[in-house]
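Colleague: My structure is in my_file.cif, and what it holds is mmCIF, C-alpha atoms:
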data_protein
#
loop_
_atom_site.label_atom_id
_atom_site.label_comp_id
_atom_site.auth_asym_id
_atom_site.auth_seq_id
_atom_site.Cartn_x
_atom_site.Cartn_y
_atom_site.Cartn_z
CA MET G 1186 -28.24 32.92 -54.20
CA ILE G 1187 -27.22 29.77 -56.04
CA ARG G 1188 -28.24 29.43 -59.69
CA VAL G 1189 -29.55 26.18 -61.14
CA GLU G 1190 -29.43 26.32 -64.94
CA LEU G 1191 -32.20 24.55 -66.83
CA ASP G 1192 -33.61 24.97 -70.34
CA THR G 1193 -37.32 25.69 -69.88
CA PRO G 1194 -40.04 24.92 -72.49
CA PHE G 1195 -40.23 28.64 -73.29
CA GLU G 1196 -36.52 28.73 -74.12
CA ASP G 1197 -36.81 25.49 -76.08
CA PHE G 1198 -39.62 27.05 -78.15
CA TRP G 1199 -37.42 29.94 -79.30
CA LYS G 1200 -34.58 27.53 -79.99
CA VAL G 1201 -36.86 25.52 -82.31
CA VAL G 1202 -38.05 28.72 -84.05
CA ALA G 1203 -34.44 29.80 -84.58
CA PHE G 1204 -33.42 26.40 -85.93
CA LEU G 1205 -36.37 26.15 -88.33
CA GLY G 1206 -35.83 29.70 -89.59
CA THR G 1207 -32.14 29.04 -90.20
CA LEU G 1208 -32.84 25.70 -91.89
CA ALA G 1209 -35.52 27.22 -94.12
CA SER G 1210 -33.16 30.05 -95.12
CA ALA G 1211 -30.44 27.60 -96.10
CA TYR G 1212 -32.91 25.51 -98.12
CA ILE G 1213 -34.37 28.52 -99.95
CA LEU G 1214 -30.93 29.91 -100.74
CA PHE G 1215 -29.57 26.60 -102.00
CA MET G 1216 -32.60 25.60 -104.07
CA GLY G 1217 -33.10 29.12 -105.39
CA LEU G 1218 -29.53 29.50 -106.65
CA HIS G 1219 -28.23 25.98 -107.28
CA GLY G 1220 -31.06 23.47 -107.31
CA SER G 1221 -30.50 19.86 -106.31
CA GLY G 1222 -29.58 16.84 -108.41
CA GLY G 1223 -31.68 16.96 -111.55
CA THR G 1224 -33.78 19.86 -110.21
CA PRO G 1225 -32.84 23.22 -111.76
CA PRO G 1226 -32.59 26.40 -109.64
CA ASP G 1227 -35.93 27.91 -108.68
CA PRO G 1228 -35.56 31.72 -108.37
CA ALA G 1229 -39.22 31.95 -107.36
CA LEU G 1230 -38.17 30.77 -103.88
CA LEU G 1231 -35.78 33.67 -103.28
CA PRO G 1232 -38.45 36.28 -102.37
CA TRP G 1233 -39.24 34.12 -99.31
CA LEU G 1234 -35.66 34.33 -98.04
CA PRO G 1235 -36.06 37.62 -96.09
CA TYR G 1236 -39.04 36.17 -94.19
CA SER G 1237 -37.18 33.02 -93.14
CA LEU G 1238 -34.13 35.09 -92.16
CA VAL G 1239 -36.28 37.36 -89.99
CA ILE G 1240 -37.95 34.36 -88.31
CA GLY G 1241 -34.57 32.77 -87.59
CA ALA G 1242 -33.12 36.05 -86.29
CA ILE G 1243 -36.12 36.62 -84.00
CA GLY G 1244 -35.79 33.08 -82.65
CA TRP G 1245 -32.09 33.43 -81.85
CA LEU G 1246 -32.58 36.92 -80.38
CA MET G 1247 -35.45 35.86 -78.12
CA TYR G 1248 -33.54 32.77 -77.01
CA TRP G 1249 -30.53 34.94 -76.16
CA LEU G 1250 -32.70 37.48 -74.28
CA THR G 1251 -34.54 34.79 -72.31
CA ASP G 1252 -32.87 33.54 -69.13
CA ASN G 1253 -35.08 31.41 -66.89
CA VAL G 1254 -33.34 29.82 -63.90
CA TYR G 1255 -33.99 28.37 -60.47
CA LEU G 1256 -32.43 30.27 -57.58
CA ILE G 1257 -31.70 28.66 -54.23
CA ASP G 1258 -32.23 31.28 -51.51
CA ARG G 1259 -30.59 29.89 -48.39
CA ASP G 1260 -31.72 32.86 -46.27
CA ARG G 1261 -35.42 32.39 -47.04
CA ARG G 1262 -34.97 28.62 -47.34
CA GLN G 1263 -36.79 28.61 -50.65
CA ILE G 1264 -36.21 27.65 -54.27
CA LEU G 1265 -37.29 30.56 -56.46
CA TYR G 1266 -38.08 30.56 -60.16
CA ARG G 1267 -36.88 33.59 -62.09
CA PHE G 1268 -38.47 34.38 -65.45
CA ARG G 1269 -36.49 36.95 -67.46
CA ILE G 1270 -37.08 38.17 -70.99
CA CYS G 1271 -35.79 41.33 -72.69
CA GLY G 1272 -34.55 42.72 -69.37
CA TRP G 1273 -37.89 42.26 -67.57
CA GLN G 1274 -37.94 39.65 -64.83
CA ARG G 1275 -40.34 38.13 -62.34
CA PHE G 1276 -39.65 35.96 -59.28
CA SER G 1277 -41.98 33.31 -57.89
CA LYS G 1278 -41.64 30.73 -55.14
CA TYR G 1279 -41.13 27.23 -56.47
CA LEU G 1280 -40.47 25.07 -53.39
CA ASP G 1281 -39.71 25.44 -49.70
CA PHE G 1282 -36.68 23.61 -48.35
CA GLU G 1283 -38.96 21.72 -45.94
CA THR G 1284 -40.84 20.09 -48.83
CA CYS G 1285 -37.65 18.69 -50.40
CA PHE G 1286 -37.21 14.97 -49.78
CA THR G 1287 -34.13 13.90 -51.73
CA THR G 1288 -31.98 14.62 -54.77
CA ALA G 1289 -31.33 11.95 -57.37
CA LEU G 1290 -30.20 11.26 -60.92
CA GLU G 1291 -32.90 10.28 -63.37
CA GLY G 1292 -31.74 8.05 -66.21
CA ARG G 1293 -33.13 7.23 -69.62
CA ILE G 1294 -32.03 5.37 -72.74
CA GLU G 1295 -31.70 7.21 -76.03
CA THR G 1296 -31.53 5.30 -79.30
CA THR G 1297 -30.78 5.90 -82.93
CA ARG G 1298 -30.68 3.42 -85.76
CA ARG G 1299 -27.20 2.22 -84.85
CA HIS G 1300 -26.43 3.57 -81.39
CA ARG G 1301 -27.83 3.33 -77.88
CA TRP G 1302 -26.68 5.27 -74.86
CA TYR G 1303 -27.71 6.48 -71.41
CA GLU G 1304 -28.55 10.05 -70.45
CA TYR G 1305 -28.98 11.45 -66.95
CA ARG G 1306 -30.28 14.60 -65.33
CA LEU G 1307 -30.37 15.99 -61.83
CA VAL G 1308 -33.81 15.95 -60.20
CA LEU G 1309 -35.33 16.93 -56.88
CA ILE G 1310 -38.06 14.78 -55.32
CA ASP G 1311 -40.46 16.45 -52.91
CA ARG G 1312 -42.31 14.87 -50.00
CA GLN G 1313 -45.35 14.18 -52.18
CA GLY G 1314 -43.25 12.09 -54.56
CA LYS G 1315 -43.22 14.62 -57.39
CA ILE G 1316 -40.09 14.81 -59.53
CA HIS G 1317 -38.73 18.29 -60.28
CA PRO G 1318 -35.99 18.52 -62.97
CA MET G 1319 -33.03 20.57 -61.77
CA GLY G 1320 -30.90 20.29 -64.89
CA ASN G 1321 -30.83 19.28 -68.54
CA TRP G 1322 -30.29 15.77 -69.87
CA GLU G 1323 -26.58 14.97 -70.15
CA ARG G 1324 -24.61 12.17 -71.82
CA GLU G 1325 -23.31 9.35 -69.61
CA ASP G 1326 -19.75 10.73 -69.63
CA ARG G 1327 -21.08 13.50 -67.36
CA PHE G 1328 -22.40 11.04 -64.78
CA GLU G 1329 -19.74 11.64 -62.12
CA ALA G 1330 -20.11 15.42 -62.41
CA LEU G 1331 -23.90 15.12 -62.05
CA GLN G 1332 -23.43 12.90 -59.01
CA LYS G 1333 -21.39 15.62 -57.33
CA GLU G 1334 -24.01 18.21 -58.25
CA ALA G 1335 -26.71 16.05 -56.64
CA GLU G 1336 -24.64 15.83 -53.45
CA SER G 1337 -24.01 19.58 -53.43
CA LEU G 1338 -27.69 20.37 -53.99
CA ALA G 1339 -28.67 18.06 -51.13
CA ARG G 1340 -26.25 19.86 -48.80
CA TRP G 1341 -27.64 23.26 -49.79
CA LEU G 1342 -31.23 22.13 -49.22
CA GLY G 1343 -30.55 20.07 -46.10
CA CYS G 1344 -32.13 16.90 -47.53
CA THR G 1345 -30.87 13.43 -48.38
CA CYS G 1346 -29.10 12.47 -51.59
CA THR G 1347 -30.17 9.30 -53.38
CA GLY G 1348 -27.84 10.02 -56.27
CA GLY G 1349 -27.76 7.53 -59.09
CA VAL G 1350 -26.18 4.35 -60.41
CA PRO G 1351 -24.98 3.97 -64.02
CA GLY G 1352 -27.38 1.90 -66.10
CA HIS G 1353 -30.30 2.39 -63.70
CA ARG G 1354 -33.58 4.27 -63.97
CA LEU G 1355 -35.34 6.16 -61.23
CA SER G 1356 -38.57 4.87 -59.70
CA VAL G 1357 -40.63 6.92 -57.23
CA ARG G 1358 -43.66 5.47 -55.46
CA VAL G 1359 -45.91 6.92 -52.79
CA GLY G 1360 -47.06 4.24 -50.36
CA LYS G 1361 -49.51 4.10 -47.50
CA GLY G 1362 -49.45 7.07 -45.23
CA GLY G 1363 -47.82 9.19 -47.93
CA ARG G 1364 -44.44 7.54 -47.53
CA VAL G 1365 -42.21 8.21 -50.53
CA ARG G 1366 -40.10 5.31 -51.80
CA VAL G 1367 -37.24 6.01 -54.18
CA ARG G 1368 -35.58 3.12 -55.99
CA LEU G 1369 -32.92 2.74 -58.66
CA ILE G 1370 -33.85 -0.10 -61.01
CA PRO G 1371 -31.37 -1.69 -63.45
CA GLU G 1372 -32.22 -1.01 -67.08
CA PRO G 1373 -29.70 -2.57 -69.49
CA LEU G 1374 -29.31 -1.22 -72.98
CA PRO G 1375 -31.56 -3.09 -75.44
CA PRO G 1376 -29.80 -5.36 -77.95
CA PRO G 1377 -29.36 -3.99 -81.46
CA ALA G 1378 -31.74 -4.97 -84.21
CA PHE G 1379 -31.01 -8.24 -86.01
CA GLN G 1380 -29.76 -6.55 -89.17
CA GLU G 1381 -27.36 -4.37 -87.21
CA TRP G 1382 -26.15 -7.33 -85.15
CA LEU G 1383 -25.66 -9.41 -88.28
CA PHE G 1384 -23.45 -6.90 -90.06
CA GLN G 1385 -21.68 -5.39 -87.08
CA GLY G 1386 -17.88 -5.55 -87.13
CA ARG G 1387 -16.11 -8.91 -87.18
CA ARG G 1388 -19.30 -10.80 -86.47
CA GLY G 1389 -20.76 -9.54 -89.73
CA LEU G 1390 -17.66 -10.61 -91.65
CA MET G 1391 -17.84 -14.04 -90.03
CA TRP G 1392 -21.45 -14.56 -91.11
CA LEU G 1393 -20.66 -13.26 -94.59
CA ALA G 1394 -17.77 -15.71 -94.94
CA LEU G 1395 -19.95 -18.56 -93.67
CA GLY G 1396 -22.68 -17.71 -96.15
CA LEU G 1397 -20.22 -17.62 -99.05
CA ALA G 1398 -18.75 -20.96 -97.95
CA LEU G 1399 -22.20 -22.58 -97.91
CA LEU G 1400 -23.00 -21.20 -101.35
CA LEU G 1401 -19.69 -22.49 -102.69
CA ALA G 1402 -20.26 -25.92 -101.15
CA SER G 1403 -23.74 -26.21 -102.65
CA TRP G 1404 -22.39 -25.15 -106.07
CA LEU G 1405 -19.59 -27.76 -105.96
CA LYS G 1406 -22.09 -30.54 -105.21
CA ARG G 1407 -23.93 -29.93 -108.46
#
Would you mind writing the file out in structure tokens?

Modeller:
Amino acid sequence: MIRVELDTPFEDFWKVVAFLGTLASAYILFMGLHGSGGTPPDPALLPWLPYSLVIGAIGWLMYWLTDNVYLIDRDRRQILYRFRICGWQRFSKYLDFETCFTTALEGRIETTRRHRWYEYRLVLIDRQGKIHPMGNWEREDRFEALQKEAESLARWLGCTCTGGVPGHRLSVRVGKGGRVRVRLIPEPLPPPAFQEWLFQGRRGLMWLALGLALLLASWLKR
């Protein structure tokens, strides 16, 4: 069988529990012993430290003991879903090969205050037009590797490969007669906010110099 790794919501839940428990432990320890800024240490917080440590440890342990994957069974011509936790596992049928229409790369734009970038993930589209994630979101520098994975998955399943195009998003429509249409639509990165654009690199220095020159000119005219 061929494994397809994918973080499931159940695994993500334990990851969040582990992160919050670890973060709470660090906060309690720091504030209880050192304080922050003008705030003195608060020893009353320290009795809560064992609880946050236990929560964090349980989260990391359960995340480590949970291993949910998709398995491609080429003999049965099925995609199976395996749920495993603490050594116990259960298999269930996810899709038949005959219901697979095409593989593709789904794109999205992620933004922070100062940065914008593309992310992509491998998906499988069935003959009803439903999108099934077959991998986690990856940064754009992994695009070529994901493209090869989409081609390999299509060969294993015996379906077509739509793949992806950098800077495009995936659009799936079901038309008359149940015909599935898959398109890749250009989606350029949005421009930065005005404040970021104004003070970004050399352009920001240019505007700053121009502003100072105008102020100086108005002062000299007085």

Colleague: How would you write as an MDAnalysis selection string the residues that get within 8 Å of (-28.1, 0.5, -56.7) in the file's frame, counting only C-alpha atoms?

Modeller: chainID G and resid 1349:1350 1353 1368:1371

Colleague: Enumerate, in order of chain and increasing residue number, the residues of region 1270-1368 of chain G with an atom no farther than 9 Å from region 1241-1255 of chain G, each with its shortest atom pair and distance in Å to one decimal, counting all atoms listed in the file, as a Markdown table.

Modeller:
| residue | atom | partner | partner_atom | distance |
| --- | --- | --- | --- | --- |
| G:Ile1270 | CA | G:Thr1251 | CA | 4.4 |
| G:Cys1271 | CA | G:Leu1250 | CA | 5.2 |
| G:Gly1272 | CA | G:Leu1250 | CA | 7.4 |
| G:Gln1274 | CA | G:Asn1253 | CA | 9.0 |
| G:Tyr1279 | CA | G:Tyr1255 | CA | 8.3 |
| G:Met1319 | CA | G:Tyr1255 | CA | 8.0 |

Colleague: Can you pull out every residue within 6 Å of region 1203-1211 of chain G, counting all atoms listed in the file, but drop anything in the same chain fewer than 2 positions away, and send it as JSON, numbers by chain?

Modeller: {"G": [1200, 1201, 1213, 1214, 1234, 1237, 1238, 1240, 1241, 1244, 1245]}

Colleague: Residues as selected, C-alpha atoms, written as a compact mmCIF listing (two decimals), in the coordinates of the input, can you do that?

Modeller:
# COMPACT_ATOMS: atom_id res chain seq x y z
CA LYS G 1200 -34.58 27.53 -79.99
CA VAL G 1201 -36.86 25.52 -82.31
CA ILE G 1213 -34.37 28.52 -99.95
CA LEU G 1214 -30.93 29.91 -100.74
CA LEU G 1234 -35.66 34.33 -98.04
CA SER G 1237 -37.18 33.02 -93.14
CA LEU G 1238 -34.13 35.09 -92.16
CA ILE G 1240 -37.95 34.36 -88.31
CA GLY G 1241 -34.57 32.77 -87.59
CA GLY G 1244 -35.79 33.08 -82.65
CA TRP G 1245 -32.09 33.43 -81.85

Colleague: Smallest atom-to-atom distance to His1317 (chain G): which of G:Cys1285, G:Leu1256, G:Val1359, G:Val1367, using all atoms listed in the file?

Modeller: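 So, comparing all the options, the nearest one is G:Cys1285.
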
Colleague: My list of candidates is G:Arg1312, G:Arg1259, G:Arg1327, G:Lys1333. Which is closest to Arg1358 (chain G) when distances are computed with only C-alpha atoms?

Modeller: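 Distance minimum relative to Arg1358 (chain G) lands on G:Arg1312.
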
Colleague: I'd like the interatomic distance between CA of Asp1258 (chain G) and CA of Leu1290 (chain G), to a tenth of an Å.

Modeller: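 A separation of 22.2 Å between them.
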
Colleague: Do a neighbour search on Pro1373 (chain G) at 12 Å with all atoms listed in the file, toss out local chain neighbours closer than 2 positions, and write the hits as a PyMOL selection string.

Modeller: chain G and resi 1292-1295+1301-1303+1350-1354+1370-1371+1375-1376

Colleague: Grab the CA of Glu1291 (chain G) to CA of Thr1193 (chain G) distance for me, in Å with one decimal place.

Modeller: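 Atom-to-atom, CA of Glu1291 (chain G) to CA of Thr1193 (chain G), that is 17.3 Å.
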
Colleague: Could you tell me how far CA of Val1308 (chain G) lies from CA of Gly1320 (chain G), in Å and to one decimal?

Modeller: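 CA of Gly1320 (chain G) lies at a distance of 7.0 Å from CA of Val1308 (chain G).
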
Colleague: List as a list of chain:residue names the protein and nucleic acid residues near region 1334-1347 of chain G, meaning an atom at most 7 Å away when all atoms listed in the file are counted, but skip any in the same chain fewer than 2 places from it.

Modeller: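 My list of contacting residues is G:Phe1282, G:Cys1285, G:Phe1286, G:Thr1287, G:Thr1288, G:Ala1289, G:Leu1307, G:Ala1330, G:Leu1331, G:Gln1332, G:Gly1349.
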
Colleague: Could those selected residues go to a file with C-alpha atoms, as an mmCIF file, in the coordinates of the input?

Modeller:
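And here is the file that came out, part.cif:
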data_model
loop_
_atom_site.group_PDB
_atom_site.id
_atom_site.type_symbol
_atom_site.label_atom_id
_atom_site.label_comp_id
_atom_site.auth_asym_id
_atom_site.auth_seq_id
_atom_site.Cartn_x
_atom_site.Cartn_y
_atom_site.Cartn_z
ATOM 1 C CA PHE G 1282 -36.680 23.610 -48.350
ATOM 2 C CA CYS G 1285 -37.650 18.690 -50.400
ATOM 3 C CA PHE G 1286 -37.210 14.970 -49.780
ATOM 4 C CA THR G 1287 -34.130 13.900 -51.730
ATOM 5 C CA THR G 1288 -31.980 14.620 -54.770
ATOM 6 C CA ALA G 1289 -31.330 11.950 -57.370
ATOM 7 C CA LEU G 1307 -30.370 15.990 -61.830
ATOM 8 C CA ALA G 1330 -20.110 15.420 -62.410
ATOM 9 C CA LEU G 1331 -23.900 15.120 -62.050
ATOM 10 C CA GLN G 1332 -23.430 12.900 -59.010
ATOM 11 C CA GLY G 1349 -27.760 7.530 -59.090
#

Colleague: Using the chain letters and numbers from this file, what does the PyMOL selection byres ((chain G and resi 1266) around 10) select? Give the answer as a PyMOL selection string.

Modeller: chain G and resi 1188-1189+1253-1257+1263-1265+1267-1269+1275-1280
